[in-house]
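Undergrad: File work.tsv follows (TSV, C-alpha atoms):
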chain	number	residue	atom	x	y	z
E	1	MET	CA	25.49	-4.88	22.31
E	2	ALA	CA	21.83	-5.87	22.34
E	3	MET	CA	21.80	-6.69	18.62
E	4	SER	CA	24.83	-8.95	18.95
E	5	LEU	CA	23.07	-10.81	21.75
E	6	ILE	CA	19.90	-11.14	19.66
E	7	TRP	CA	21.80	-12.43	16.61
E	8	THR	CA	23.83	-14.85	18.73
E	9	ALA	CA	20.66	-16.17	20.36
E	10	MET	CA	19.01	-16.63	16.95
E	11	VAL	CA	22.00	-18.57	15.59
E	12	VAL	CA	22.23	-20.77	18.69
E	13	LEU	CA	18.47	-21.40	18.66
E	14	SER	CA	18.61	-22.29	14.95
E	15	LEU	CA	21.46	-24.72	15.55
E	16	LEU	CA	19.65	-26.34	18.48
E	17	CYS	CA	16.40	-26.71	16.52
E	18	ALA	CA	18.22	-28.11	13.48
E	19	ALA	CA	20.14	-30.58	15.66
E	20	ALA	CA	16.96	-31.64	17.48
E	21	THR	CA	15.09	-32.28	14.22
E	22	GLY	CA	18.05	-33.82	12.40
E	23	ARG	CA	18.19	-31.07	9.75
E	24	LEU	CA	21.71	-29.67	10.19
E	25	ASP	CA	22.39	-30.23	6.46
E	26	ALA	CA	19.35	-28.13	5.52
E	27	LEU	CA	20.46	-25.41	7.94
E	28	ALA	CA	23.96	-25.30	6.45
E	29	ALA	CA	22.58	-25.21	2.89
E	30	SER	CA	20.17	-22.41	3.79
E	31	ALA	CA	22.92	-20.39	5.45
E	32	LEU	CA	25.12	-20.67	2.37
E	33	ASP	CA	22.21	-19.83	0.03
E	34	GLY	CA	21.36	-16.79	2.15
E	35	ALA	CA	24.97	-15.60	2.13
E	36	ALA	CA	25.13	-15.95	-1.67
E	37	ALA	CA	21.84	-14.08	-2.08
E	38	ALA	CA	23.12	-11.29	0.18
E	39	VAL	CA	26.24	-10.87	-1.94
E	40	GLU	CA	24.17	-10.79	-5.15
E	41	LEU	CA	21.85	-8.19	-3.63
E	42	CYS	CA	24.79	-6.02	-2.52
E	43	LEU	CA	26.32	-6.13	-6.01
E	44	ALA	CA	23.00	-5.32	-7.68
E	45	THR	CA	22.28	-2.35	-5.42
E	46	ALA	CA	25.87	-1.10	-5.64
E	47	GLY	CA	25.31	-0.31	-9.31
E	48	ALA	CA	22.29	1.87	-8.62
E	49	LEU	CA	24.05	3.53	-5.70
E	50	CYS	CA	27.12	4.27	-7.82
E	51	LEU	CA	24.98	5.73	-10.60
E	52	TRP	CA	23.08	8.15	-8.37
E	53	SER	CA	26.16	9.02	-6.30
E	54	GLY	CA	27.91	9.84	-9.57
E	55	VAL	CA	25.02	12.05	-10.63
E	56	LEU	CA	25.25	13.87	-7.29
E	57	GLU	CA	29.02	14.34	-7.69
E	58	VAL	CA	28.56	15.70	-11.23
E	59	MET	CA	25.97	18.12	-9.84
E	60	ARG	CA	28.43	19.24	-7.18
E	61	ARG	CA	31.31	19.74	-9.62
E	62	ALA	CA	29.11	21.56	-12.12
E	63	GLY	CA	28.06	24.00	-9.41
E	64	LEU	CA	24.47	22.85	-9.42
E	65	THR	CA	24.51	22.25	-5.68
E	66	GLY	CA	25.24	25.95	-5.22
E	67	GLY	CA	22.23	26.76	-7.39
E	68	LEU	CA	20.21	24.19	-5.50
E	69	ALA	CA	21.33	25.79	-2.25
E	70	ARG	CA	20.00	29.13	-3.50
E	71	LEU	CA	16.74	27.45	-4.55
E	72	LEU	CA	16.36	25.66	-1.22
E	73	ARG	CA	17.64	28.61	0.84
E	74	PRO	CA	14.16	29.91	1.82
E	75	VAL	CA	13.08	26.51	3.19
E	76	LEU	CA	16.48	25.68	4.68
E	77	GLY	CA	16.65	29.20	6.12
E	78	LEU	CA	13.42	28.57	8.03
E	79	LEU	CA	14.74	25.28	9.38
E	80	PHE	CA	18.26	26.56	10.08
E	81	PRO	CA	17.90	30.31	10.79
E	82	ALA	CA	21.31	30.71	12.43
E	83	PHE	CA	23.04	29.59	9.21
E	84	ARG	CA	20.79	31.29	6.67
E	85	ARG	CA	23.66	33.30	5.15
E	86	CYS	CA	26.47	30.77	5.69
E	87	SER	CA	27.38	29.08	2.40
E	88	ALA	CA	29.77	26.70	4.23
E	89	VAL	CA	26.67	25.18	5.84
E	90	MET	CA	24.03	25.75	3.15
E	91	GLU	CA	25.89	24.14	0.23
E	92	PRO	CA	26.59	20.76	1.90
E	93	LEU	CA	23.14	20.95	3.45
E	94	ALA	CA	21.57	21.42	0.01
E	95	ALA	CA	23.64	18.51	-1.34
E	96	ASN	CA	22.49	16.41	1.60
E	97	VAL	CA	18.86	17.27	0.93
E	98	SER	CA	19.36	16.54	-2.79
E	99	ALA	CA	20.81	13.11	-2.09
E	100	ASN	CA	17.98	12.36	0.31
E	101	LEU	CA	15.42	13.47	-2.28
E	102	LEU	CA	16.97	10.89	-4.61
E	103	GLY	CA	16.76	8.27	-1.87
E	104	LEU	CA	20.54	8.01	-1.50
E	105	GLY	CA	21.15	7.91	2.22
E	106	ASN	CA	24.73	6.68	1.71
E	107	ALA	CA	25.56	9.57	-0.62
E	108	ALA	CA	23.80	12.04	1.69
E	109	THR	CA	25.83	11.06	4.74
E	110	PRO	CA	29.17	12.71	3.80
E	111	MET	CA	27.41	15.98	2.95
E	112	GLY	CA	25.44	15.79	6.21
E	113	ILE	CA	28.66	15.28	8.14
E	114	ARG	CA	30.25	18.25	6.35
E	115	ALA	CA	27.24	20.43	7.21
E	116	ALA	CA	27.27	19.20	10.83
E	117	ARG	CA	30.97	20.04	11.19
E	118	ALA	CA	30.36	23.52	9.81
E	119	MET	CA	27.43	23.97	12.24
E	120	HIS	CA	29.28	22.72	15.32
E	121	ARG	CA	30.23	25.56	17.60
E	122	GLY	CA	32.11	23.57	20.20
E	123	GLY	CA	30.95	22.38	23.56
E	124	ASP	CA	29.29	19.17	24.61
E	125	ALA	CA	25.67	19.83	23.70
E	126	ALA	CA	24.26	19.83	20.20
E	127	SER	CA	22.65	23.06	19.04
E	128	ASP	CA	19.01	23.17	17.98
E	129	GLU	CA	20.12	23.48	14.34
E	130	LEU	CA	22.36	20.42	14.64
E	131	CYS	CA	19.47	18.44	16.12
E	132	MET	CA	17.25	19.64	13.26
E	133	LEU	CA	19.87	18.42	10.77
E	134	VAL	CA	19.81	14.97	12.33
E	135	VAL	CA	16.00	14.91	12.23
E	136	CYS	CA	15.81	16.08	8.61
E	137	ASN	CA	18.52	13.65	7.54
E	138	SER	CA	16.95	10.71	9.35
E	139	ALA	CA	13.37	11.36	8.26
E	140	SER	CA	14.07	12.79	4.82
E	141	ILE	CA	11.57	13.33	2.05
E	142	GLN	CA	12.29	11.03	-0.87
E	143	LEU	CA	11.03	11.91	-4.32
E	144	ILE	CA	12.91	9.08	-6.04
E	145	PRO	CA	13.68	6.19	-3.67
E	146	ALA	CA	16.61	4.98	-5.80
E	147	THR	CA	18.13	2.64	-3.22
E	148	VAL	CA	14.82	0.96	-2.37
E	149	ALA	CA	13.94	0.67	-6.06
E	150	GLY	CA	17.37	-0.86	-6.70
E	151	VAL	CA	16.78	-3.44	-3.97
E	152	ARG	CA	13.32	-4.18	-5.36
E	153	ALA	CA	14.69	-4.55	-8.89
E	154	ALA	CA	17.44	-6.87	-7.66
E	155	ALA	CA	14.81	-8.94	-5.88
E	156	GLY	CA	12.89	-9.34	-9.15
E	157	ALA	CA	10.17	-6.70	-8.87
E	158	LYS	CA	8.65	-5.98	-12.29
E	159	ALA	CA	7.81	-2.38	-11.35
E	160	PRO	CA	10.32	-1.31	-8.69
E	161	PHE	CA	9.01	2.27	-8.61
E	162	ASP	CA	5.35	1.39	-8.04
E	163	ILE	CA	5.87	2.24	-4.37
E	164	LEU	CA	6.25	5.97	-5.11
E	165	PRO	CA	2.91	7.19	-3.67
E	166	ALA	CA	3.45	5.27	-0.44
E	167	VAL	CA	7.05	6.52	-0.16
E	168	TRP	CA	6.00	10.12	-0.79
E	169	LEU	CA	3.26	9.96	1.83
E	170	ALA	CA	5.35	8.15	4.45
E	171	SER	CA	8.39	10.38	4.00
E	172	ALA	CA	6.32	13.59	4.05
E	173	VAL	CA	4.56	12.52	7.24
E	174	SER	CA	7.78	11.41	8.92
E	175	VAL	CA	9.74	14.57	8.12
E	176	THR	CA	6.79	16.79	9.15
E	177	ALA	CA	6.43	14.94	12.45
E	178	GLY	CA	10.19	15.11	13.02
E	179	ILE	CA	10.40	18.84	12.33
E	180	ILE	CA	7.44	19.57	14.59
E	181	ALA	CA	8.95	17.45	17.37
E	182	ALA	CA	12.36	19.11	16.99
E	183	LYS	CA	10.81	22.59	17.13
E	184	LEU	CA	8.72	21.67	20.20
E	185	PHE	CA	11.69	20.18	22.05
E	186	SER	CA	13.76	23.23	21.13
E	187	ARG	CA	11.16	25.54	22.68
E	188	LEU	CA	10.84	23.35	25.76
E	189	GLY	CA	14.61	23.38	26.17
E	190	ARG	CA	14.74	27.17	25.98
E	191	ARG	CA	12.01	27.50	28.63
E	192	ARG	CA	13.95	25.33	31.07
E	193	ARG	CA	17.15	27.40	30.77
Let me see whether you can do it: turn the structure in this file into structure tokens.

TA:
Amino acid sequence: MAMSLIWTAMVVLSLLCAAATGRLDALAASALDGAAAAVELCLATAGALCLWSGVLEVMRRAGLTGGLARLLRPVLGLLFPAFRRCSAVMEPLAANVSANLLGLGNAATPMGIRAARAMHRGGDAASDELCMLVVCNSASIQLIPATVAGVRAAAGAKAPFDILPAVWLASAVSVTAGIIAAKLFSRLGRRRR
């Protein structure tokens, strides 16, 4: 609701300023140019997203996500101890982590939803593990930021992957902070019960 109000206010303010300065033609031309650029950007990034989503699907069909689940099981087992031996949770969770490592938030979402459904035990409140899944999915570590690099390439960047060190540092810090916060809030919640 708030975003729709903000966008409406920005459009109205732009129209009022353009009318007051006599530049409605320039405003209309800019709006159309921006819309065309947005469509071009969407088409350019769709190719990269399709490529990496396809790679993830090939991995899943080839059984590599099961192998990846076994490889990631020690780390995922520490983060999700209640589901350590549950392959119905660990396999989509490993696929989710894989997609996030590749910087494919859109491809990670279906696997995250599948893992969340397998984790859900009923009731109104989310379990600590479900909250941890949301934290890890939102603040994921990205080794290859494919989507961001695709956007940068579409925008004309000569070296779209030159942001790797900054992405690695920022994503490592964000996921570490998120995991620590989730663990602390989990302990605080248990003390209050």

Undergrad: Nearest to Leu56 in chain E: which of E:Gly22, E:Gly105, E:Gly189, E:Gly34 is it, counting only C-alpha atoms?

TA: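 Comparing E:Gly22, E:Gly105, E:Gly189, E:Gly34 against Leu56 in chain E, the winner is E:Gly105.
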
Undergrad: Expressed in Å to a single decimal, how great is the separation between CA of Ala155 in chain E and CA of Gln142 in chain E?

TA: 20.7 Å

Undergrad: My list of candidates is E:Thr109, E:Ser30, E:Ser127, E:Ser174. Which is closest to Ala82 in chain E when distances are computed with all atoms listed in the file?

TA: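 The answer is E:Ser127, which sits nearest to Ala82 in chain E.
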
Undergrad: Around the point (11.9, 19.5, 9.8) in the file's coordinates, collect all residues with an atom within 7 Å, using all atoms listed in the file, and return them as a ChimeraX atom specification.

TA: /E:79,132,135-136,175-176,178-180

Undergrad: Quote the spacing between CA of Val148 in chain E and CA of Leu27 in chain E in Å to one decimal place.

TA: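 Those two atoms sit 28.9 Å apart.
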
Undergrad: Let me make sure I understand: among E:Glu129, E:Ala62, E:Thr147, E:Ser53, which one has the smallest atom-to-atom distance to Arg84 in chain E if we use all atoms listed in the file?

TA: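 Ranked by minimum distance to Arg84 in chain E, first place goes to E:Glu129.
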
Undergrad: Write out as a list of chain:residue names each polymer residue whose atoms come within 6 Å of range 114-117 of chain E, counting all atoms listed in the file; drop sequence neighbours fewer than 4 positions from it.

TA: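 Non-adjacent residues within range: E:Val89, E:Pro92, E:Leu93.
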
Undergrad: Do a neighbour search on Ser171 in chain E at 10 Å with all atoms listed in the file, toss out local chain neighbours closer than 5 positions, and write the hits as a VMD selection string.

TA: chain E and resid 101 139 to 143 165 to 166 176 to 177

Undergrad: Go through E:Ser14, E:Glu57, E:Trp52, E:Met90 one by one, measure the shortest atom-to-atom distance of each to Ala146 in chain E using all atoms listed in the file, and give the residue with the smallest value.

TA: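 The answer is E:Trp52, which sits nearest to Ala146 in chain E.
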
Undergrad: Which one of E:Ala37, E:Ala182, E:Val151, E:Phe83 sits closest to Arg121 in chain E if you count all atoms listed in the file?

TA: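 Smallest distance to Arg121 in chain E is found for E:Phe83.
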
Undergrad: Just to confirm, what's the straight-line distance from CA of Leu71 in chain E to CA of Gly103 in chain E in Å (one decimal)?

TA: 19.4 Å

Undergrad: In the coordinate frame of the file, compute which residues have an atom within 8 Å of (24.6, 22.5, -3.6) when using only C-alpha atoms, and state them as a PyMOL selection string.

TA: chain E and resi 59-60+63-69+90-95+98

Undergrad: Please determine, counting only C-alpha atoms, which residue among E:Ala159, E:Asn106, E:Ala181, E:Ile144 has the shortest atom-to-atom distance to Thr45 in chain E.

TA: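 Closest to Thr45 in chain E, using only C-alpha atoms: E:Asn106.
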
Undergrad: Can range 145-170 of chain E be brought up to N, CA and C atoms and written out as a tab-separated table (two decimals), keeping the file's coordinate frame?

TA:
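Output (out36.tsv):
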chain	number	residue	atom	x	y	z
E	145	PRO	N	13.01	7.12	-4.59
E	145	PRO	CA	13.68	6.19	-3.67
E	145	PRO	C	14.59	5.22	-4.44
E	146	ALA	N	15.72	5.75	-4.91
E	146	ALA	CA	16.61	4.98	-5.80
E	146	ALA	C	17.14	3.72	-5.14
E	147	THR	N	17.56	3.80	-3.88
E	147	THR	CA	18.13	2.64	-3.22
E	147	THR	C	17.07	1.56	-3.04
E	148	VAL	N	15.90	1.94	-2.57
E	148	VAL	CA	14.82	0.96	-2.37
E	148	VAL	C	14.40	0.36	-3.69
E	149	ALA	N	14.30	1.19	-4.73
E	149	ALA	CA	13.94	0.67	-6.06
E	149	ALA	C	15.01	-0.28	-6.57
E	150	GLY	N	16.28	0.03	-6.30
E	150	GLY	CA	17.37	-0.86	-6.70
E	150	GLY	C	17.28	-2.21	-6.00
E	151	VAL	N	16.95	-2.18	-4.72
E	151	VAL	CA	16.78	-3.44	-3.97
E	151	VAL	C	15.60	-4.22	-4.52
E	152	ARG	N	14.51	-3.51	-4.81
E	152	ARG	CA	13.32	-4.18	-5.36
E	152	ARG	C	13.61	-4.77	-6.73
E	153	ALA	N	14.35	-4.04	-7.56
E	153	ALA	CA	14.69	-4.55	-8.89
E	153	ALA	C	15.59	-5.78	-8.77
E	154	ALA	N	16.54	-5.73	-7.86
E	154	ALA	CA	17.44	-6.87	-7.66
E	154	ALA	C	16.68	-8.09	-7.13
E	155	ALA	N	15.61	-7.83	-6.41
E	155	ALA	CA	14.81	-8.94	-5.88
E	155	ALA	C	13.79	-9.45	-6.89
E	156	GLY	N	13.75	-8.84	-8.09
E	156	GLY	CA	12.89	-9.34	-9.15
E	156	GLY	C	11.57	-8.61	-9.32
E	157	ALA	N	11.42	-7.45	-8.71
E	157	ALA	CA	10.17	-6.70	-8.87
E	157	ALA	C	10.04	-6.22	-10.32
E	158	LYS	N	8.87	-6.40	-10.90
E	158	LYS	CA	8.65	-5.98	-12.29
E	158	LYS	C	8.49	-4.47	-12.40
E	159	ALA	N	7.97	-3.84	-11.38
E	159	ALA	CA	7.81	-2.38	-11.35
E	159	ALA	C	8.38	-1.85	-10.03
E	160	PRO	N	9.71	-1.69	-9.96
E	160	PRO	CA	10.32	-1.31	-8.69
E	160	PRO	C	9.91	0.06	-8.16
E	161	PHE	N	9.41	0.93	-9.05
E	161	PHE	CA	9.01	2.27	-8.61
E	161	PHE	C	7.51	2.39	-8.33
E	162	ASP	N	6.79	1.29	-8.30
E	162	ASP	CA	5.35	1.39	-8.04
E	162	ASP	C	5.03	1.74	-6.59
E	163	ILE	N	6.05	1.87	-5.78
E	163	ILE	CA	5.87	2.24	-4.37
E	163	ILE	C	5.91	3.75	-4.15
E	164	LEU	N	6.07	4.52	-5.24
E	164	LEU	CA	6.25	5.97	-5.11
E	164	LEU	C	5.19	6.67	-4.26
E	165	PRO	N	3.89	6.47	-4.50
E	165	PRO	CA	2.91	7.19	-3.67
E	165	PRO	C	3.06	6.88	-2.17
E	166	ALA	N	3.29	5.64	-1.85
E	166	ALA	CA	3.45	5.27	-0.44
E	166	ALA	C	4.72	5.90	0.15
E	167	VAL	N	5.81	5.91	-0.63
E	167	VAL	CA	7.05	6.52	-0.16
E	167	VAL	C	6.87	8.01	0.04
E	168	TRP	N	6.22	8.68	-0.92
E	168	TRP	CA	6.00	10.12	-0.79
E	168	TRP	C	5.18	10.45	0.45
E	169	LEU	N	4.12	9.70	0.67
E	169	LEU	CA	3.26	9.96	1.83
E	169	LEU	C	4.02	9.67	3.13
E	170	ALA	N	4.65	8.52	3.21
E	170	ALA	CA	5.35	8.15	4.45
E	170	ALA	C	6.49	9.11	4.76
